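Trainee: Structure: input.txt, compact mmCIF, C-alpha atoms.
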```
# COMPACT_ATOMS: atom_id res chain seq x y z
CA MET A 1 -5.22 -26.89 -11.72
CA ARG A 2 -2.63 -28.36 -9.40
CA TYR A 3 0.17 -27.20 -11.71
CA ILE A 4 -1.16 -23.64 -11.74
CA LYS A 5 -1.29 -23.63 -7.95
CA TRP A 6 2.32 -24.78 -7.74
CA LEU A 7 3.33 -22.26 -10.37
CA PHE A 8 1.95 -19.50 -8.16
CA ILE A 9 3.60 -20.85 -5.03
CA VAL A 10 6.99 -21.32 -6.70
CA SER A 11 6.89 -17.85 -8.33
CA PHE A 12 6.04 -16.28 -4.99
CA TRP A 13 8.97 -17.90 -3.19
CA VAL A 14 11.36 -17.16 -6.06
CA LEU A 15 10.34 -13.50 -5.75
CA VAL A 16 10.90 -13.55 -1.99
CA ALA A 17 14.29 -15.24 -2.38
CA SER A 18 15.43 -12.80 -5.06
CA PHE A 19 14.29 -9.88 -2.92
CA PHE A 20 16.51 -11.07 -0.07
CA HIS A 21 19.35 -11.96 -2.42
CA TYR A 22 19.24 -8.44 -3.82
CA THR A 23 18.83 -6.56 -0.54
CA LEU A 24 20.98 -8.40 2.00
CA PRO A 25 24.70 -7.60 2.19
CA GLN A 26 27.33 -9.89 0.70
CA LYS A 27 31.10 -9.72 0.82
CA ASP A 28 33.56 -10.17 -2.03
CA ILE A 29 37.32 -10.30 -1.78
CA VAL A 30 38.63 -8.27 -4.69
CA ARG A 31 41.54 -6.33 -6.02
CA ILE A 32 40.40 -2.81 -6.87
CA THR A 33 41.74 -1.85 -10.26
CA ASP A 34 40.27 1.60 -10.74
CA THR A 35 37.65 4.05 -9.59
CA TYR A 36 35.79 6.45 -11.83
CA GLU A 37 32.56 8.39 -12.18
CA LYS A 38 30.15 8.43 -15.07
CA ARG A 39 27.03 10.38 -15.96
CA ILE A 40 24.00 8.07 -15.86
CA ASP A 41 20.69 8.76 -17.59
CA PHE A 42 18.24 6.54 -15.74
CA GLY A 43 15.75 4.66 -17.87
CA GLU A 44 13.97 1.33 -17.50
CA ASN A 45 16.59 0.31 -14.96
CA SER A 46 15.93 3.27 -12.67
CA ILE A 47 14.61 1.17 -9.76
CA PHE A 48 17.99 -0.55 -9.59
CA TRP A 49 19.71 2.74 -8.79
CA ALA A 50 19.70 4.39 -5.39
CA SER A 51 19.31 8.08 -4.69
CA ALA A 52 21.39 11.17 -5.25
CA ASP A 53 23.74 12.16 -2.43
CA THR A 54 21.63 13.03 0.59
CA GLY A 55 20.80 16.71 0.58
CA ASN A 56 21.25 17.16 -3.17
CA SER A 57 18.38 17.81 -5.56
CA VAL A 58 16.12 14.81 -6.04
CA THR A 59 14.47 16.14 -9.18
CA ALA A 60 17.45 15.85 -11.54
CA LEU A 61 16.91 13.32 -14.33
CA ASN A 62 20.54 12.31 -14.52
CA ARG A 63 23.62 12.61 -12.40
CA ASP A 64 27.19 11.42 -12.01
CA VAL A 65 27.60 8.11 -10.23
CA PHE A 66 30.79 6.75 -8.68
CA PHE A 67 32.00 3.34 -9.81
CA ILE A 68 34.60 0.94 -8.43
CA GLN A 69 36.22 -1.47 -10.87
CA SER A 70 37.65 -4.67 -9.47
CA ARG A 71 38.80 -8.18 -10.16
CA GLN A 72 37.30 -10.81 -7.91
CA THR A 73 39.66 -13.32 -6.35
CA SER A 74 37.10 -16.14 -6.10
CA ASN A 75 36.62 -16.63 -9.86
CA ASN A 76 39.15 -14.17 -11.31
CA ARG A 77 36.39 -12.31 -13.15
CA VAL A 78 35.91 -8.57 -13.19
CA MET A 79 33.16 -6.91 -11.18
CA VAL A 80 32.08 -3.29 -11.31
CA TYR A 81 30.37 -1.77 -8.31
CA ARG A 82 28.44 1.46 -8.20
CA ASN A 83 28.86 3.65 -5.15
CA GLU A 84 25.73 5.58 -4.25
CA ASP A 85 24.06 6.94 -1.13
CA THR A 86 21.07 4.94 0.02
CA GLY A 87 20.31 7.82 2.39
CA TRP A 88 17.08 7.59 4.32
CA GLY A 89 15.47 5.38 1.70
CA TRP A 90 15.37 1.71 0.76
CA PRO A 91 17.33 -0.51 1.36
CA PRO A 92 17.98 0.67 4.93
CA TYR A 93 21.76 0.74 4.90
CA LEU A 94 21.60 4.44 5.85
CA LYS A 95 24.70 5.08 3.80
CA PHE A 96 25.72 8.73 3.49
CA ASP A 97 29.48 8.45 3.08
CA THR A 98 29.61 7.70 -0.64
CA THR A 99 32.34 10.22 -1.41
CA ASN A 100 34.48 9.06 1.53
CA LEU A 101 34.04 5.46 0.40
CA GLN A 102 35.23 6.42 -3.05
CA ALA A 103 38.36 7.92 -1.49
CA GLU A 104 38.95 4.74 0.55
CA ALA A 105 38.51 2.59 -2.55
CA ALA A 106 40.89 4.75 -4.58
CA ASP A 107 43.37 4.43 -1.73
CA VAL A 108 43.62 0.61 -2.08
CA LYS A 109 43.87 0.62 -5.88
CA SER A 110 46.54 -1.82 -7.07
CA THR A 111 47.97 -3.56 -10.10
CA ALA A 112 48.14 -7.27 -10.89
CA ALA A 113 51.89 -7.12 -10.38
CA GLU A 114 51.61 -5.67 -6.89
CA PRO A 115 48.22 -6.75 -5.62
CA GLN A 116 46.46 -5.25 -2.59
CA TYR A 117 43.30 -7.13 -1.68
CA ALA A 118 40.17 -5.74 -0.09
CA ILE A 119 36.79 -6.96 1.10
CA ILE A 120 33.92 -5.07 -0.51
CA LYS A 121 30.59 -5.34 1.25
CA HIS A 122 27.78 -4.73 -1.20
CA TYR A 123 24.19 -5.42 -2.03
CA GLY A 124 22.50 -5.74 -5.41
CA TRP A 125 23.22 -7.51 -8.70
CA ARG A 126 25.37 -7.00 -11.72
CA ASN A 127 23.33 -7.47 -14.89
CA GLU A 128 24.82 -6.59 -18.24
CA PHE A 129 21.48 -6.65 -20.08
CA MET A 130 19.96 -3.99 -17.84
CA SER A 131 23.19 -2.15 -17.01
CA ILE A 132 22.76 -2.52 -13.26
CA PHE A 133 25.52 -2.74 -10.69
CA PRO A 134 25.80 -3.84 -7.06
CA ASN A 135 26.12 -0.94 -4.63
CA ALA A 136 29.28 -0.98 -2.52
CA ILE A 137 28.71 -0.36 1.21
CA SER A 138 32.21 -0.58 2.60
CA VAL A 139 35.77 -1.30 1.57
CA LYS A 140 38.25 -2.89 3.94
CA PRO A 141 41.85 -3.77 3.02
CA VAL A 142 42.86 -7.37 3.84
CA ASP A 143 46.13 -9.29 3.77
CA GLY A 144 45.45 -11.77 1.04
CA PRO A 145 42.92 -13.37 -1.25
CA ASP A 146 42.17 -16.08 1.35
CA ALA A 147 41.26 -13.68 4.17
CA SER A 148 38.22 -14.59 6.27
CA LYS A 149 34.96 -12.89 5.38
CA GLY A 150 33.51 -13.51 8.84
CA ILE A 151 30.17 -15.07 9.70
CA PRO A 152 27.23 -13.18 8.17
CA PHE A 153 25.42 -12.66 11.49
CA LEU A 154 23.13 -9.96 10.14
CA ASN A 155 21.85 -12.17 7.32
CA ILE A 156 21.38 -15.08 9.73
CA ILE A 157 19.36 -12.93 12.14
CA ILE A 158 17.19 -11.32 9.46
CA LEU A 159 16.44 -14.60 7.68
CA SER A 160 15.66 -16.37 10.98
CA LEU A 161 13.28 -13.60 11.98
CA PHE A 162 11.63 -13.79 8.57
CA ALA A 163 11.29 -17.58 8.86
CA MET A 164 9.71 -17.16 12.30
CA VAL A 165 7.15 -14.67 10.99
CA VAL A 166 6.30 -16.93 8.04
CA TYR A 167 5.88 -19.94 10.32
CA PHE A 168 3.69 -17.92 12.70
CA ILE A 169 1.39 -16.81 9.87
CA TRP A 170 1.34 -20.27 8.28
CA VAL A 171 0.32 -22.01 11.52
CA ARG A 172 -2.48 -19.51 12.09
CA TRP A 173 -3.66 -19.78 8.49
CA ARG A 174 -3.72 -23.59 8.70
CA ARG A 175 -5.76 -23.51 11.90
CA PHE A 176 -8.14 -20.97 10.40
CA ARG A 177 -8.56 -23.09 7.30
CA MET A 178 -9.23 -26.30 9.25
CA ALA A 179 -11.73 -24.56 11.51
CA ARG A 180 -13.61 -22.41 8.99
CA ILE A 181 -12.94 -23.05 5.33
CA ASP A 182 -12.70 -26.86 5.12
CA PRO A 183 -16.11 -27.46 6.79
CA ALA A 184 -17.71 -24.89 4.48
CA ILE A 185 -16.25 -26.58 1.40
CA GLU A 186 -17.40 -29.99 2.64
CA GLU A 187 -20.89 -28.63 3.14
CA MET A 188 -20.89 -27.20 -0.37
CA GLN A 189 -19.72 -30.58 -1.67
CA ASP A 190 -22.54 -32.37 0.18
CA ASN A 191 -25.14 -29.93 -1.13
CA TRP A 192 -23.81 -30.36 -4.63
CA ASP A 193 -24.05 -34.15 -4.39
CA ALA A 194 -27.56 -33.93 -2.97
CA ALA A 195 -28.62 -31.61 -5.81
CA GLY A 196 -27.12 -33.99 -8.35
CA ASP A 197 -29.04 -36.93 -6.86
CA ALA A 198 -32.29 -34.97 -6.95
CA VAL A 199 -31.78 -34.05 -10.62
CA ASN A 200 -31.02 -37.67 -11.54
CA ASP A 201 -34.10 -38.80 -9.67
CA ARG A 202 -36.34 -36.37 -11.51
CA ARG A 203 -34.85 -37.22 -14.87
CA GLY A 204 -35.47 -40.88 -14.15
CA ARG A 205 -39.11 -40.20 -13.47
CA VAL A 206 -39.56 -38.24 -16.72
CA ARG A 207 -37.89 -41.01 -18.65
CA ARG A 208 -40.12 -43.63 -17.09
CA TRP A 209 -43.19 -41.55 -17.93
CA LEU A 210 -42.00 -41.13 -21.55
CA SER A 211 -41.38 -44.82 -21.89
CA THR A 212 -45.04 -45.55 -21.03
CA TRP A 213 -45.94 -43.86 -24.33
CA ARG A 214 -43.60 -46.00 -26.35
CA ALA A 215 -44.92 -48.88 -28.31
CA LYS A 216 -44.25 -52.03 -26.41
CA MET B 1 15.35 16.65 4.66
CA PHE B 2 12.21 15.50 2.88
CA ALA B 3 13.50 11.91 2.75
CA LEU B 4 14.26 11.96 6.49
CA ALA B 5 10.83 13.42 7.26
CA ARG B 6 9.18 10.74 5.17
CA LEU B 7 11.14 7.96 6.90
CA LEU B 8 10.31 9.30 10.36
CA PHE B 9 6.64 9.81 9.48
CA LEU B 10 6.16 6.32 7.99
CA GLY B 11 8.18 4.77 10.79
CA PHE B 12 6.07 6.57 13.38
CA ILE B 13 2.82 5.31 11.82
CA VAL B 14 3.98 1.69 11.51
CA LEU B 15 5.42 1.65 15.03
CA SER B 16 2.27 3.27 16.44
CA VAL B 17 0.16 0.48 14.96
CA ILE B 18 2.49 -2.07 16.58
CA TYR B 19 2.47 -0.12 19.85
CA VAL B 20 -1.33 0.05 20.06
CA CYS B 21 -1.75 -3.65 19.19
CA LEU B 22 0.90 -4.67 21.68
CA SER B 23 -0.50 -2.57 24.53
CA PHE B 24 -4.02 -3.95 24.03
CA TYR B 25 -2.63 -7.47 23.87
CA SER B 26 -0.54 -6.98 26.99
CA ARG B 27 -3.52 -5.58 28.91
CA ALA B 28 -5.68 -8.53 27.84
CA VAL B 29 -3.01 -10.99 29.00
CA ARG B 30 -2.81 -9.17 32.34
CA ARG B 31 -6.60 -9.35 32.72
CA ASP B 32 -6.62 -13.10 32.03
CA LYS B 33 -3.83 -13.63 34.54
CA LEU B 34 -5.71 -11.70 37.25
CA ARG B 35 -8.88 -13.69 36.61
CA SER B 36 -7.11 -17.05 36.76
CA GLU B 37 -5.28 -15.91 39.91
CA TRP B 38 -8.65 -15.12 41.50
CA ASP B 39 -10.12 -18.48 40.47
CA GLN B 40 -7.12 -20.54 41.57
CA ASP B 41 -6.70 -18.93 44.96
CA GLY B 42 -10.44 -19.30 45.58
CA MET B 43 -10.79 -15.70 46.71
CA THR B 44 -14.14 -14.36 47.81
CA GLY B 45 -15.83 -11.02 47.20
CA ASP B 46 -15.99 -8.85 44.11
CA ARG B 47 -13.96 -10.50 41.32
CA ASP B 48 -14.39 -7.58 38.89
CA ALA B 49 -13.16 -5.10 41.49
CA PHE B 50 -10.07 -7.28 42.09
CA VAL B 51 -9.34 -7.43 38.36
CA GLN B 52 -9.90 -3.67 38.00
CA GLN B 53 -7.55 -3.01 40.92
CA GLY B 54 -4.89 -5.21 39.32
CA LEU B 55 -5.27 -3.43 35.97
CA ASP B 56 -4.97 -0.03 37.63
CA ASP B 57 -1.72 -1.20 39.23
CA TYR B 58 -0.58 -2.42 35.83
CA ASP B 59 -1.31 0.98 34.24
CA GLY B 60 1.27 2.61 36.48
CA SER B 61 3.83 -0.19 36.25
CA LEU B 62 7.25 -0.24 34.64
CA ARG B 63 6.22 -3.28 32.62
CA ARG B 64 3.71 -1.20 30.70
CA LYS B 65 6.21 1.57 30.05
CA LEU B 66 8.58 -1.01 28.59
CA ILE B 67 6.23 -1.27 25.61
CA LEU B 68 7.57 2.17 24.62
CA GLY B 69 10.61 0.14 23.55
CA VAL B 70 8.66 -0.38 20.33
CA TYR B 71 9.69 3.19 19.47
CA VAL B 72 13.04 3.24 21.23
CA ILE B 73 14.60 0.03 19.88
CA PRO B 74 14.20 0.78 16.13
CA PHE B 75 15.47 4.32 16.69
CA VAL B 76 18.55 3.07 18.55
CA LEU B 77 19.04 0.41 15.86
CA MET B 78 18.89 3.12 13.19
CA CYS B 79 21.53 5.19 14.98
CA VAL B 80 23.77 2.11 15.34
CA VAL B 81 23.42 1.30 11.64
CA ILE B 82 24.26 4.90 10.70
CA TYR B 83 27.36 4.78 12.88
CA LEU B 84 28.52 1.39 11.60
CA THR B 85 27.92 2.19 7.93
CA ASN B 86 29.40 5.64 7.83
CA PHE B 87 31.83 6.14 10.68
CA ALA B 88 33.14 2.78 11.90
```
Let me see the file written as structure tokens.
Mentor:
Amino acid sequence: MRYIKWLFIVSFWVLVASFFHYTLPQKDIVRITDTYEKRIDFGENSIFWASADTGNSVTALNRDVFFIQSRQTSNNRVMVYRNEDTGWGWPPYLKFDTTNLQAEAADVKSTAAEPQYAIIKHYGWRNEFMSIFPNAISVKPVDGPDASKGIPFLNIIILSLFAMVVYFIWVRWRRFRMARIDPAIEEMQDNWDAAGDAVNDRRGRVRRWLSTWRAK
Amino acid sequence: MFALARLLFLGFIVLSVIYVCLSFYSRAVRRDKLRSEWDQDGMTGDRDAFVQQGLDDYDGSLRRKLILGVYVIPFVLMCVVIYLTNFA
């Protein structure tokens, strides 16, 4: 029983953590190697794609999506970003400048021989098994691969606010439980014990009566 | 435009719930303060009338209008985010 309870609690917090890890912005220092666009037919992975450019039809089943190919400086692996409007929807980046961003990214394209580095701010995950890509939010050219990414103030503020709300609810829930639920459970426990005693008592009496009929 | 309308509509509903809760809460706090002020200062006369008078003053005060910030702040925040994401 205890294991099941912990399983629930751990799954819940893993879900919360992955939600924030997916939604909050992160920065990568990369070298942009190419930009391209590709027609995407959304399937099982459709919730990991944002919306069509704001103002365009929302009923189309497929559309062209911009992509930015890059090589990350931190681990020297490749990373492919998609570049889509989030528009007025979720997550609330309110990004409308997808096409401009694609132009900016194409502008800092470089080769391994003559590298030009850039910071890409993005949210989302790359997953090869579901064909999902992080969504680029901004591209900023920087001097070198060791450039500072800055302090993630936004993430700090949002996570602190979230922690405050959780603590607020938790304190209230604990007080409510101590005041209302624990006494009720104790009372149930007492009643249960009392009922058990009564049953034992009665059974004892029946047994005693039966034993009077036994041959001594 | 539909997406914008949906955002504004949902935002308006959520913020209205917060606004109503906050204004009731703020009024209740003000009422408690007036009562404890009455009790501490050992005033004489009609306590309810004093509290009512204080609440009427509160209804016209700037402090109460500041609760409208519940609507204003997210809207300003939204505009700032739009500017920073797309134009900065």
Trainee: Would you kindly report the residues of chain A within 9 Å of chain B, using only C-alpha atoms, as a VMD selection string?
Mentor: chain A and resid 54 to 55 87 to 89 92 to 98 100 to 101 137 to 138
Trainee: Please produce an output containing C-alpha atoms for each residue in the selection, written as a PDB file, in the frame of the given file.
Mentor:
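Written file, part.pdb:
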```pdb
ATOM      1  CA  THR A  54      21.630  13.030   0.590  1.00  0.00           C
ATOM      2  CA  GLY A  55      20.800  16.710   0.580  1.00  0.00           C
ATOM      3  CA  GLY A  87      20.310   7.820   2.390  1.00  0.00           C
ATOM      4  CA  TRP A  88      17.080   7.590   4.320  1.00  0.00           C
ATOM      5  CA  GLY A  89      15.470   5.380   1.700  1.00  0.00           C
ATOM      6  CA  PRO A  92      17.980   0.670   4.930  1.00  0.00           C
ATOM      7  CA  TYR A  93      21.760   0.740   4.900  1.00  0.00           C
ATOM      8  CA  LEU A  94      21.600   4.440   5.850  1.00  0.00           C
ATOM      9  CA  LYS A  95      24.700   5.080   3.800  1.00  0.00           C
ATOM     10  CA  PHE A  96      25.720   8.730   3.490  1.00  0.00           C
ATOM     11  CA  ASP A  97      29.480   8.450   3.080  1.00  0.00           C
ATOM     12  CA  THR A  98      29.610   7.700  -0.640  1.00  0.00           C
ATOM     13  CA  ASN A 100      34.480   9.060   1.530  1.00  0.00           C
ATOM     14  CA  LEU A 101      34.040   5.460   0.400  1.00  0.00           C
ATOM     15  CA  ILE A 137      28.710  -0.360   1.210  1.00  0.00           C
ATOM     16  CA  SER A 138      32.210  -0.580   2.600  1.00  0.00           C
TER      17      SER A 138
END
```
Trainee: Tell me, as a VMD selection string, which residues lie within 12 Å of Tyr25 of chain B, counting all atoms listed in the file; anything in the same chain fewer than 6 positions away does not count.
Mentor: chain B and resid 18 to 19 31 to 32 64 67
Trainee: Just the residues within 7 Å of Met79 of chain A, please, counting all atoms listed in the file, with nothing from its chain fewer than 3 positions along; format it as a PyMOL selection string.
Mentor: chain A and resi 69-72
Trainee: Mind checking which residues fall within 9 Å of segment 107-113 of chain A, counting all atoms listed in the file, ignoring those fewer than 6 positions away in the same chain, and posting them as a PyMOL selection string?
Mentor: chain A and resi 31-35+70+139-141
Trainee: Name the residues, using the chain letters and numbers of the file, that sit within 12 Å of (15.6, -12.9, 6.4) when counting all atoms listed in the file, and give them as an NGL selection string.
Mentor: :A and (16-25 or 152-166)
Trainee: Have a look at B:Gly45, B:Arg63, B:Lys33, B:Val70 and name the one nearest to Cys21 of chain B; count all atoms listed in the file.
Mentor: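 Closest to Cys21 of chain B, using all atoms listed in the file: B:Val70.
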Trainee: Padding of 3 Å on every side, edges along x, y and z, all listed atoms of segment 71-86 of chain B included: what centre and edge lengths in Å, to one decimal, does that box have, as JSON?
Mentor:
```
{"center_x": 19.5, "center_y": 2.8, "center_z": 14.5, "size_x": 25.7, "size_y": 11.6, "size_z": 19.4}
```
Trainee: Take atom CA of Ser131 of chain A and atom CA of Asp85 of chain A and report the distance between them in Å, one decimal.
Mentor: 18.3 Å
Trainee: How many Å separate atom CA of Trp38 of chain B from atom CA of Leu55 of chain B?
Mentor: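 We find that atom CA of Trp38 of chain B and atom CA of Leu55 of chain B lie 13.4 Å from each other.
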Trainee: Mind giving me the straight-line distance from atom CA of Asp53 of chain A to atom CA of Val65 of chain A in Å, one decimal?
Mentor: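 Calculated distance between atom CA of Asp53 of chain A and atom CA of Val65 of chain A is 9.6 Å.
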Trainee: Can you pull out every residue within 8 Å of Gln26 of chain A, counting all atoms listed in the file, but drop anything in the same chain fewer than 3 positions away, and send it as a ChimeraX atom specification?
Mentor: /A:121-123
Trainee: Print the selection's residues with C-alpha atoms to a file, as a short mmCIF file (atom, residue, chain, number, x, y, z; two decimals), keeping the file's coordinate frame.
Mentor:
```
data_model
loop_
_atom_site.label_atom_id
_atom_site.label_comp_id
_atom_site.auth_asym_id
_atom_site.auth_seq_id
_atom_site.Cartn_x
_atom_site.Cartn_y
_atom_site.Cartn_z
CA LYS A 121 30.59 -5.34 1.25
CA HIS A 122 27.78 -4.73 -1.20
CA TYR A 123 24.19 -5.42 -2.03
#
```
